[in-house]
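Asks: This is data-v6.txt (compact mmCIF, C-alpha atoms).
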# COMPACT_ATOMS: atom_id res chain seq x y z
CA MET A 1307 4.44 10.94 11.92
CA LEU A 1308 4.52 7.17 12.02
CA LYS A 1309 8.14 6.02 11.77
CA ARG A 1310 7.82 2.29 12.38
CA PHE A 1311 5.12 -0.27 13.09
CA GLU A 1312 5.33 -3.83 14.40
CA VAL A 1313 2.60 -6.44 14.75
CA GLU A 1314 2.62 -10.10 15.76
CA ASN A 1315 0.07 -12.91 16.09
CA PHE A 1316 -2.63 -10.87 14.33
CA LYS A 1317 -4.79 -12.45 11.61
CA GLY A 1318 -2.36 -13.98 9.06
CA PHE A 1319 0.79 -12.76 10.82
CA ASP A 1320 2.12 -15.67 12.89
CA GLU A 1321 5.48 -13.94 13.27
CA ARG A 1322 6.46 -10.34 13.91
CA VAL A 1323 5.95 -8.09 10.87
CA VAL A 1324 7.83 -4.79 10.72
CA LEU A 1325 7.04 -1.78 8.56
CA ASP A 1326 10.02 0.58 8.75
CA LEU A 1327 9.35 3.96 7.17
CA THR A 1328 12.83 5.37 7.69
CA ALA A 1329 13.85 7.21 4.51
CA ARG A 1330 17.10 6.56 2.65
CA ASP A 1331 19.52 9.07 1.14
CA TYR A 1332 18.02 9.99 -2.23
CA SER A 1333 18.11 13.49 -3.64
CA PHE A 1334 15.16 13.17 -6.03
CA ASN A 1335 11.45 13.28 -5.16
CA SER A 1336 12.23 14.82 -1.79
CA ILE A 1337 8.55 15.79 -1.53
CA LEU A 1338 7.82 12.15 -0.68
CA VAL A 1339 9.88 12.31 2.51
CA LYS A 1340 9.46 14.45 5.62
CA ASN A 1341 11.87 14.73 8.56
CA GLY A 1342 13.71 11.61 7.43
CA ILE A 1343 10.51 9.53 7.30
CA VAL A 1344 8.70 8.20 4.22
CA ASN A 1345 5.62 10.38 3.83
CA LYS A 1346 4.19 8.70 0.72
CA ALA A 1347 4.49 4.90 0.57
CA ILE A 1348 3.17 2.30 -1.86
CA ILE A 1349 3.01 -1.38 -0.86
CA TYR A 1350 3.00 -4.21 -3.41
CA GLY A 1351 2.46 -7.90 -2.81
CA LYS A 1352 0.79 -11.01 -4.17
CA ASN A 1353 -2.84 -11.84 -3.46
CA GLY A 1354 -3.45 -13.03 0.10
CA ILE A 1355 -0.01 -12.01 1.39
CA GLY A 1356 -1.41 -9.62 4.01
CA LYS A 1357 -1.48 -6.11 2.57
CA SER A 1358 -5.05 -5.55 3.73
CA SER A 1359 -4.33 -7.15 7.11
CA LEU A 1360 -1.42 -4.76 7.58
CA GLY A 1361 -3.76 -1.79 7.16
CA ILE A 1362 -6.30 -3.33 9.52
CA ALA A 1363 -3.52 -3.92 12.07
CA LEU A 1364 -2.27 -0.34 11.75
CA PHE A 1365 -5.76 0.96 12.52
CA ASP A 1366 -6.43 -1.35 15.44
CA ILE A 1367 -5.23 1.54 17.62
CA ILE A 1368 -8.33 3.54 16.65
CA GLY A 1369 -10.62 1.11 18.48
CA HIS A 1370 -9.37 1.80 22.02
CA LEU A 1371 -7.54 5.14 21.88
CA THR A 1372 -10.18 7.19 20.06
CA ASP A 1373 -13.94 7.60 19.71
CA LYS A 1374 -13.71 7.54 15.92
CA GLU A 1375 -15.25 4.98 13.57
CA LYS A 1376 -13.91 1.52 14.35
CA MET A 1377 -12.71 -0.97 11.77
CA PRO A 1378 -15.77 -2.78 10.30
CA ILE A 1379 -16.32 -5.95 12.28
CA LYS A 1380 -16.31 -8.11 9.14
CA TYR A 1381 -12.55 -7.47 8.80
CA LEU A 1382 -11.80 -8.59 12.37
CA SER A 1383 -12.71 -12.28 12.19
CA ASN A 1384 -9.82 -14.53 13.22
CA TYR A 1385 -8.31 -11.62 15.17
CA LEU A 1386 -5.58 -13.86 16.58
CA ASN A 1387 -3.49 -15.96 14.22
CA ILE A 1388 -5.07 -19.42 14.09
CA ALA A 1389 -1.77 -21.30 13.76
CA SER A 1390 0.00 -19.51 16.62
CA GLU A 1391 0.19 -20.74 20.20
CA ALA A 1392 0.30 -17.17 21.54
CA LYS A 1393 -2.74 -16.01 23.53
CA PHE A 1394 -2.66 -12.39 22.40
CA ALA A 1395 -1.72 -10.08 19.54
CA SER A 1396 1.04 -7.50 20.00
CA PHE A 1397 1.19 -4.03 18.41
CA LYS A 1398 4.00 -1.48 18.58
CA TYR A 1399 4.02 2.03 17.10
CA TYR A 1400 6.98 4.39 16.81
CA PHE A 1401 5.87 7.99 16.34
CA GLN A 1402 8.16 10.94 15.66
CA PHE A 1403 7.14 14.53 16.30
CA ASP A 1404 9.99 16.87 15.30
CA ASP A 1405 12.91 15.54 17.38
CA ASP A 1406 10.77 13.60 19.86
CA VAL A 1407 10.06 9.88 19.66
CA VAL A 1408 7.00 8.26 21.22
CA ILE A 1409 6.78 4.46 21.43
CA TYR A 1410 3.40 2.99 22.20
CA GLU A 1411 2.79 -0.75 22.47
CA TYR A 1412 -0.04 -2.93 23.69
CA GLN A 1413 -1.38 -6.47 23.80
CA LYS A 1414 -4.95 -7.59 23.04
CA LYS A 1415 -7.06 -10.73 22.79
CA ASN A 1416 -9.54 -9.03 20.48
CA GLN A 1417 -10.45 -5.53 19.38
CA ASP A 1418 -12.00 -4.67 22.76
CA TYR A 1419 -9.92 -6.77 25.16
CA LEU A 1420 -6.80 -4.97 26.36
CA LEU A 1421 -4.19 -6.86 28.35
CA ARG A 1422 -1.33 -4.40 28.68
CA GLU A 1423 -0.19 -0.97 27.51
CA ARG A 1424 3.27 0.61 27.52
CA LEU A 1425 4.23 4.16 26.59
CA MET A 1426 7.66 5.73 26.28
CA PHE A 1427 8.67 9.33 25.65
CA ASN A 1428 12.20 9.72 24.23
CA GLY A 1429 13.31 6.45 25.82
CA ARG A 1430 11.69 7.17 29.22
CA LEU A 1431 8.98 4.81 30.41
CA VAL A 1432 5.86 6.74 31.43
CA VAL A 1433 3.22 3.97 31.38
CA ASP A 1434 3.44 0.23 31.93
CA TYR A 1435 -0.05 -0.92 32.79
CA ASP A 1436 -1.04 -4.57 33.16
CA TYR A 1437 -4.83 -4.77 33.41
CA PHE A 1438 -4.74 -8.06 35.33
CA ASP A 1439 -1.87 -7.45 37.74
CA LEU A 1440 -2.33 -4.68 40.32
CA ASN A 1441 1.39 -4.82 41.13
CA ASN A 1442 2.33 -3.91 37.56
CA GLN A 1443 0.37 -0.73 36.85
CA TYR A 1444 3.02 1.97 36.65
CA ILE A 1445 2.09 5.49 35.56
CA ASP A 1446 4.70 8.25 35.80
CA SER A 1447 3.65 11.11 38.08
CA SER A 1448 4.33 13.65 35.31
CA LEU A 1449 1.55 12.02 33.28
CA LYS A 1450 -0.84 11.02 36.05
CA GLY A 1451 -0.64 14.14 38.23
CA ASP A 1452 -3.47 14.20 40.79
CA LEU A 1453 -5.76 12.08 38.63
CA ASN A 1454 -7.43 9.14 40.33
CA ILE A 1455 -7.29 6.24 37.89
CA ASP A 1456 -10.58 4.38 38.18
CA LEU A 1457 -11.14 2.03 35.26
CA VAL A 1458 -14.33 0.00 35.13
CA ASP A 1459 -12.84 -2.74 32.94
CA ASN A 1460 -10.10 -3.43 30.44
CA LYS A 1461 -12.08 -2.11 27.47
CA LEU A 1462 -11.12 1.47 28.39
CA SER A 1463 -7.50 2.35 27.69
CA VAL A 1464 -5.71 3.88 30.66
CA ILE A 1465 -3.93 6.23 28.26
CA LYS A 1466 -7.22 7.36 26.76
CA TYR A 1467 -8.58 7.81 30.29
CA ILE A 1468 -5.68 10.10 31.23
CA TYR A 1469 -6.02 12.06 27.99
CA ARG A 1470 -9.76 12.57 28.46
CA ASN A 1471 -9.64 13.47 32.15
CA LYS A 1472 -6.64 15.79 32.47
CA PRO A 1473 -6.22 19.30 31.05
CA ASN A 1474 -4.27 18.95 27.83
CA ASN A 1475 -1.00 20.71 27.19
CA LEU A 1476 -1.05 21.18 23.42
CA GLU A 1477 2.73 20.75 23.30
CA SER A 1478 2.77 17.52 25.30
CA LEU A 1479 3.81 14.30 23.58
CA LEU A 1480 0.66 12.55 24.80
CA TYR A 1481 -1.49 15.21 23.14
CA LYS A 1482 0.49 15.00 19.89
CA MET A 1483 0.20 11.21 19.77
CA MET A 1484 -3.51 11.21 20.55
CA LYS A 1485 -4.30 13.91 17.98
CA PHE A 1486 -2.32 11.98 15.36
CA CYS A 1487 -4.37 8.85 16.11
CA GLU A 1488 -7.68 10.72 16.12
CA ASN A 1489 -6.93 12.04 12.65
CA MET A 1490 -5.93 8.76 11.01
CA LEU A 1491 -8.15 7.62 8.12
CA TRP A 1492 -8.46 4.23 6.39
CA PHE A 1493 -10.85 3.50 3.55
CA ARG A 1494 -11.40 1.12 0.71
CA CYS A 1495 -13.78 0.69 -2.23
CA LEU A 1496 -14.27 -2.90 -3.31
CA SER A 1497 -17.07 -5.11 -4.58
CA ASP A 1498 -18.30 -5.60 -1.00
CA GLY A 1499 -18.95 -1.87 -0.70
CA ASN A 1500 -17.30 1.23 0.71
CA ASN A 1501 -15.80 1.02 4.19
CA TYR A 1502 -13.81 3.37 6.38
CA CYS A 1503 -12.18 3.57 9.79
CA GLY A 1504 -10.97 6.50 11.89
CA PHE A 1505 -11.18 10.29 11.64
CA SER A 1506 -14.99 10.60 11.62
CA ASN A 1507 -18.14 8.91 12.89
CA GLY A 1508 -21.18 7.63 11.08
CA GLY A 1509 -21.61 8.24 7.39
CA SER A 1510 -23.84 9.57 4.68
CA LEU A 1511 -24.32 8.87 1.00
CA LEU A 1512 -21.73 10.27 -1.41
CA VAL A 1513 -24.40 12.25 -3.23
CA ASP A 1514 -25.56 13.88 0.02
CA ARG A 1515 -22.00 14.77 0.98
CA LEU A 1516 -21.35 16.33 -2.43
CA TYR A 1517 -24.54 18.36 -2.19
CA GLU A 1518 -23.64 19.60 1.30
CA SER A 1519 -20.14 20.57 0.12
CA GLY A 1520 -21.39 22.70 -2.76
CA LYS A 1521 -18.48 21.47 -4.90
CA THR A 1522 -20.29 19.94 -7.86
CA LYS A 1523 -18.22 21.94 -10.38
CA GLN A 1524 -15.00 20.85 -8.70
CA PHE A 1525 -16.19 17.25 -9.00
CA GLU A 1526 -16.79 17.78 -12.72
CA GLU A 1527 -13.24 19.10 -13.09
CA PHE A 1528 -11.86 16.16 -11.10
CA LEU A 1529 -13.65 13.70 -13.39
CA LYS A 1530 -12.34 15.54 -16.46
CA SER A 1531 -8.79 15.18 -15.14
CA ASN A 1532 -9.51 11.45 -15.37
CA ASP A 1533 -10.92 11.75 -18.93
CA LEU A 1534 -14.55 11.57 -17.80
CA ASP A 1535 -16.60 14.41 -19.26
CA TYR A 1536 -19.84 14.91 -17.33
CA THR A 1537 -22.18 17.85 -16.93
CA LEU A 1538 -23.69 17.53 -13.44
CA GLY A 1539 -26.28 19.25 -11.34
CA PHE A 1540 -28.72 18.63 -8.51
CA GLU A 1541 -32.48 18.34 -8.86
CA PRO A 1542 -35.14 17.48 -6.26
CA PHE A 1543 -36.20 13.83 -6.33
CA ASN A 1544 -38.52 12.15 -3.80
CA GLY A 1545 -38.06 15.07 -1.44
CA LYS A 1546 -34.24 15.15 -1.55
CA PRO A 1547 -31.51 16.42 -3.89
CA GLU A 1548 -30.46 13.97 -6.62
CA LEU A 1549 -27.20 14.29 -8.58
CA MET A 1550 -28.10 14.28 -12.27
CA ALA A 1551 -25.92 13.81 -15.35
CA TYR A 1552 -27.00 15.79 -18.42
CA PHE A 1553 -26.44 14.83 -22.05
CA GLY A 1554 -26.74 17.37 -24.85
CA SER A 1555 -29.54 19.31 -23.23
CA LYS A 1556 -31.12 19.17 -19.81
CA ASP A 1557 -33.97 17.15 -21.33
CA LYS A 1558 -31.62 14.19 -21.59
CA LYS A 1559 -30.52 13.21 -18.11
CA ALA A 1560 -30.12 10.37 -15.67
CA PRO A 1561 -29.19 10.01 -12.00
CA PHE A 1562 -25.39 9.99 -11.93
CA VAL A 1563 -25.07 6.92 -9.68
CA SER A 1564 -27.31 4.92 -12.03
CA ILE A 1565 -24.93 5.30 -14.98
CA ALA A 1566 -21.53 5.65 -13.28
CA SER A 1567 -19.18 2.70 -13.64
CA THR A 1568 -17.57 1.00 -10.65
CA GLY A 1569 -14.34 2.87 -11.38
CA THR A 1570 -16.16 6.20 -11.59
CA MET A 1571 -17.82 5.54 -8.24
CA ALA A 1572 -14.40 4.73 -6.78
CA LEU A 1573 -13.22 8.13 -8.03
CA PHE A 1574 -16.34 9.67 -6.47
CA LEU A 1575 -15.44 8.13 -3.09
CA TYR A 1576 -11.87 9.43 -3.30
CA PHE A 1577 -13.09 12.92 -4.24
CA ILE A 1578 -15.51 13.12 -1.31
CA TRP A 1579 -12.85 12.13 1.20
CA SER A 1580 -10.39 14.56 -0.37
CA ILE A 1581 -12.67 17.59 -0.06
CA SER A 1582 -14.03 16.69 3.37
CA SER A 1583 -10.99 15.41 5.21
CA PHE A 1584 -7.61 15.86 3.53
CA ASN A 1585 -7.06 19.25 5.12
CA GLN A 1586 -7.36 17.70 8.60
CA ILE A 1587 -6.05 14.14 8.56
CA SER A 1588 -2.64 13.05 9.82
CA PHE A 1589 -2.35 9.62 8.19
CA LEU A 1590 -4.13 8.03 5.22
CA PHE A 1591 -4.26 4.35 4.29
CA ILE A 1592 -6.19 3.41 1.13
CA ASP A 1593 -6.43 -0.34 0.68
CA GLU A 1594 -6.29 -1.54 -2.95
CA PHE A 1595 -6.84 2.08 -3.90
CA ASP A 1596 -6.85 1.44 -7.66
CA ALA A 1597 -8.75 -1.85 -7.77
CA PHE A 1598 -11.18 -0.35 -10.32
CA PHE A 1599 -8.92 2.27 -11.90
CA HIS A 1600 -7.30 2.47 -15.32
CA TYR A 1601 -3.56 2.90 -14.86
CA GLU A 1602 -3.77 6.55 -15.90
CA SER A 1603 -6.36 7.28 -13.19
CA ALA A 1604 -4.17 5.47 -10.66
CA ARG A 1605 -1.24 7.65 -11.70
CA GLU A 1606 -3.41 10.76 -11.37
CA ILE A 1607 -4.43 9.84 -7.81
CA VAL A 1608 -0.84 9.12 -6.78
CA SER A 1609 0.29 12.45 -8.23
CA ARG A 1610 -2.43 14.28 -6.32
CA LEU A 1611 -1.59 12.56 -3.05
CA ASN A 1612 2.12 13.25 -3.49
CA LYS A 1613 1.34 16.98 -3.42
CA ASN A 1614 -0.40 16.70 -0.04
CA LYS A 1615 2.59 17.13 2.25
CA GLN A 1616 0.58 17.64 5.42
CA PHE A 1617 -0.41 13.99 5.91
CA GLN A 1618 1.32 10.64 5.60
CA THR A 1619 -0.02 8.19 3.01
CA ILE A 1620 0.19 4.44 2.46
CA LEU A 1621 -1.40 2.84 -0.59
CA THR A 1622 -1.67 -0.86 -1.43
CA THR A 1623 -1.79 -1.98 -5.05
CA HIS A 1624 -0.92 -4.65 -7.63
CA ASN A 1625 -0.24 -2.04 -10.31
CA THR A 1626 3.48 -2.21 -11.09
CA TYR A 1627 3.09 0.66 -13.57
CA LEU A 1628 3.21 2.93 -10.52
CA MET A 1629 6.64 1.55 -9.63
CA GLN A 1630 8.52 4.34 -11.41
CA ASN A 1631 10.82 7.05 -10.15
CA LYS A 1632 8.65 9.75 -11.71
CA LEU A 1633 6.01 8.97 -9.09
CA THR A 1634 7.92 7.40 -6.22
CA ARG A 1635 11.45 6.32 -5.23
CA PRO A 1636 13.08 3.09 -4.00
CA ASP A 1637 12.70 3.80 -0.28
CA CYS A 1638 9.01 4.68 -0.72
CA CYS A 1639 8.12 1.46 -2.59
CA PHE A 1640 7.64 -1.66 -0.46
CA ILE A 1641 7.30 -5.33 -1.33
CA MET A 1642 5.30 -7.49 1.06
CA THR A 1643 6.00 -11.20 1.39
CA LYS A 1644 5.27 -13.75 4.11
CA ASN A 1645 5.71 -11.89 7.43
CA LYS A 1646 7.97 -9.30 5.80
CA VAL A 1647 7.69 -5.79 4.35
CA THR A 1648 10.83 -4.44 2.67
CA ASN A 1649 11.48 -1.31 0.63
CA LEU A 1650 13.16 -1.66 -2.77
CA PHE A 1651 16.38 -0.10 -1.50
CA ASP A 1652 16.82 -2.89 1.04
CA SER A 1653 15.59 -5.62 -1.33
CA THR A 1654 18.70 -5.71 -3.50
CA SER A 1655 22.45 -5.31 -3.20
CA LYS A 1656 22.49 -3.32 -6.44
CA GLU A 1657 22.65 0.45 -6.39
CA ILE A 1658 19.36 1.95 -7.57
CA ARG A 1659 19.56 5.29 -9.32
CA GLU A 1660 16.91 7.72 -10.51
CA ALA A 1661 17.30 6.63 -14.15
CA HIS A 1662 16.54 2.98 -13.37
CA ASN A 1663 13.27 1.39 -14.46
CA LEU A 1664 11.94 0.04 -11.16
CA GLU A 1665 9.06 -1.88 -12.74
CA LYS A 1666 11.39 -3.69 -15.14
CA MET A 1667 13.80 -4.51 -12.32
CA TYR A 1668 10.91 -5.88 -10.25
CA ILE A 1669 9.55 -8.04 -13.08
CA ASN A 1670 13.04 -9.38 -13.82
CA GLY A 1671 13.50 -10.50 -10.22
CA VAL A 1672 16.16 -8.00 -9.14
CA PHE A 1673 14.44 -7.43 -5.80
CA ASN A 1674 14.68 -10.37 -3.43
CA GLU A 1675 11.20 -11.08 -2.19
What is this file in structure tokens?

Replies:
Amino acid sequence: MLKRFEVENFKGFDERVVLDLTARDYSFNSILVKNGIVNKAIIYGKNGIGKSSLGIALFDIIGHLTDKEKMPIKYLSNYLNIASEAKFASFKYYFQFDDDVVIYEYQKKNQDYLLRERLMFNGRLVVDYDYFDLNNQYIDSSLKGDLNIDLVDNKLSVIKYIYRNKPNNLESLLYKMMKFCENMLWFRCLSDGNNYCGFSNGGSLLVDRLYESGKTKQFEEFLKSNDLDYTLGFEPFNGKPELMAYFGSKDKKAPFVSIASTGTMALFLYFIWSISSFNQISFLFIDEFDAFFHYESAREIVSRLNKNKQFQTILTTHNTYLMQNKLTRPDCCFIMTKNKVTNLFDSTSKEIREAHNLEKMYINGVFNE
């Protein structure tokens, strides 16, 4: 699991930003916490404060450690903070696997330009590799073994090289970290289209993926849980299956995507990812997940995600209706301000109990942003 993340000099972050997912001592909604780490987090913040940039920063690791889908290039303009004098961006991840802690940090000039990588297992340095200083390229013998490190350039991570070229011990901390990263998933559905990063490669239309899954009835039931009553089925159209919506009788019909609202299509996207990936992913970040949702649909999605214990989730939103102890808890709700991300527990000196109305406290300024 991801326990802590730090980033500096990336996009709008001119100072170090820390996301600490250490859980606090609450007895309710224990399903939202796993091994002392927040497993289901929701991040709030004003427009332009950096919620999206935080997700993009978190998934920068996908670009050089894995062969999965990279972050869409349109989100990586101004990679380095324009106002900063620093020549590189810094990223630091704290992973926890049972009782073991892995710390991985690196520096980059852009998505494909590595400068340095460092890796620690339980406080022991195992990699400290400077790509431009031959005298500072330490790799512990327990990790390197007999492998001859021969990197063509600094676009290939030395840690990825070791992982790909040595037999993998499934219990090793390197293997656990790499598998966690390979199974991270980020996606968003906004007016500029659907985008994703991590976990998979390439993509296909939602209709094609639903057809291949054979779960049309399950999709109907999912829509009904969001008060959308559709009768759906596939018919051949221009040589390929088309998802049709039927009204009254099968004589009255229309292609589903031609009549579905933006919010319904956002639900469609969520459903497809949930049936195709949620049983395999390690970490999920949905940016502005409810941008097109009614508050009841947003609540439904949060409730569904809360039941998925096997992967960690971070959602970004403006919807303060979700800030309630029926769905979350103070250490799982975060407020983002300029270069700062703080959970509600640490945002006030007042004791917060289960009976408190978190949304009302937030609106009344109890939490120091």

Asks: Give me, as a ChimeraX atom specification, all polymer residues having an atom no more than 7 Å from region 1356-1371 of chain A, counting only C-alpha atoms and skipping those fewer than 3 positions away in the same chain.

Replies: /A:1317-1318,1351,1374,1376,1417,1462-1463,1466,1487,1504,1591,1593,1622

Asks: Would you please work out which residue, of A:Val1513, A:Leu1538, A:Leu1431, A:Leu1327, is nearest to Glu1312 (chain A) when using only C-alpha atoms?

Replies: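 Of A:Val1513, A:Leu1538, A:Leu1431, A:Leu1327, the one nearest Glu1312 (chain A) is A:Leu1327, counting only C-alpha atoms.
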
Asks: Might you pull out every residue within 10 Å of Asn1460 (chain A), with all atoms listed in the file counted and same-chain residues fewer than 4 positions away left off, and present them as a count of residues only?

Replies: 11

Asks: Please compute the CA of Phe1319 (chain A)-CA of Ile1587 (chain A) distance, one decimal, in Å.

Replies: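 So the answer is 27.8 Å.
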
Asks: Would you compute the distance between CA of Trp1579 (chain A) and CA of Phe1316 (chain A)? Give it in Å to one decimal.

Replies: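 Atom-to-atom, CA of Trp1579 (chain A) to CA of Phe1316 (chain A), that is 28.4 Å.
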
Asks: So which residues touch region 1540-1553 of chain A within 8 Å, counting all atoms listed in the file, skipping near sequence neighbours fewer than 4 positions away, as a list of chain:residue names?

Replies: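 In the requested form, the answer reads A:Val1513, A:Asp1514, A:Tyr1517, A:Tyr1536, A:Asp1557, A:Lys1558, A:Lys1559, A:Ala1560, A:Pro1561, A:Phe1562, A:Val1563.
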
Asks: Within 12 Å of (14.5, 4.9, 25.4), in the coordinates the file gives, what residues turn up when you count all atoms listed in the file, written out as a PyMOL selection string?

Replies: chain A and resi 1400+1406-1410+1425-1432

Asks: Rounded to one decimal in Å, what is the spacing between CA of Tyr1412 (chain A) and CA of Asn1442 (chain A)?

Replies: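 Taking CA of Tyr1412 (chain A) as the start and CA of Asn1442 (chain A) as the end point, the length is 14.1 Å.
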
Asks: Identify, on the basis of all atoms listed in the file, every residue whose closest approach to region 1401-1403 of chain A does not exceed 9 Å; exclude the query and any residue fewer than 4 positions from it along the same chain; express the result as a VMD selection string.

Replies: chain A and resid 1307 to 1311 1341 1343 1407 to 1410 1479 1482 to 1483

Asks: Could you list, as a tab-separated table (two decimals) with C-alpha atoms, in the coordinates of the input, every residue within 10 Å of region 1531-1534 of chain A, counting all atoms listed in the file and ignoring same-chain residues fewer than 3 positions away?

Replies:
chain	number	residue	atom	x	y	z
A	1525	PHE	CA	-16.19	17.25	-9.00
A	1526	GLU	CA	-16.79	17.78	-12.72
A	1527	GLU	CA	-13.24	19.10	-13.09
A	1528	PHE	CA	-11.86	16.16	-11.10
A	1537	THR	CA	-22.18	17.85	-16.93
A	1570	THR	CA	-16.16	6.20	-11.59
A	1573	LEU	CA	-13.22	8.13	-8.03
A	1599	PHE	CA	-8.92	2.27	-11.90
A	1600	HIS	CA	-7.30	2.47	-15.32
A	1602	GLU	CA	-3.77	6.55	-15.90
A	1603	SER	CA	-6.36	7.28	-13.19
A	1604	ALA	CA	-4.17	5.47	-10.66
A	1605	ARG	CA	-1.24	7.65	-11.70
A	1606	GLU	CA	-3.41	10.76	-11.37
A	1607	ILE	CA	-4.43	9.84	-7.81

Asks: Return the single residue from A:Thr1654, A:Ser1564, A:Asn1353, A:Thr1648 that is closest to Val1323 (chain A), with distances computed using only C-alpha atoms.

Replies: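 Among the listed residues, A:Thr1648 lies closest to Val1323 (chain A).
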
Asks: Which residue, A:Gly1354, A:Ile1465, A:Phe1486, A:Phe1394, has the smallest gap to Arg1424 (chain A) when you use all atoms listed in the file?

Replies: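 Ranked by minimum distance to Arg1424 (chain A), first place goes to A:Ile1465.
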
Asks: Determine the nearest neighbour of Asn1612 (chain A) from the options A:Asn1345, A:Ser1582, A:Ser1653, A:Ser1333, counting only C-alpha atoms.

Replies: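 Nearest candidate to Asn1612 (chain A) out of A:Asn1345, A:Ser1582, A:Ser1653, A:Ser1333: A:Asn1345.
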
Asks: Have a look at A:Asp1373, A:Gln1586, A:Ser1567, A:Met1490 and name the one nearest to Gly1508 (chain A); count all atoms listed in the file.

Replies: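 Of A:Asp1373, A:Gln1586, A:Ser1567, A:Met1490, the one nearest Gly1508 (chain A), counting all atoms listed in the file, is A:Asp1373.
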
Asks: Have a look at A:Asn1614, A:Asn1663, A:Thr1568, A:Asn1315 and name the one nearest to Met1629 (chain A); count only C-alpha atoms.

Replies: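 Using only C-alpha atoms, the shortest distance to Met1629 (chain A) belongs to A:Asn1663.
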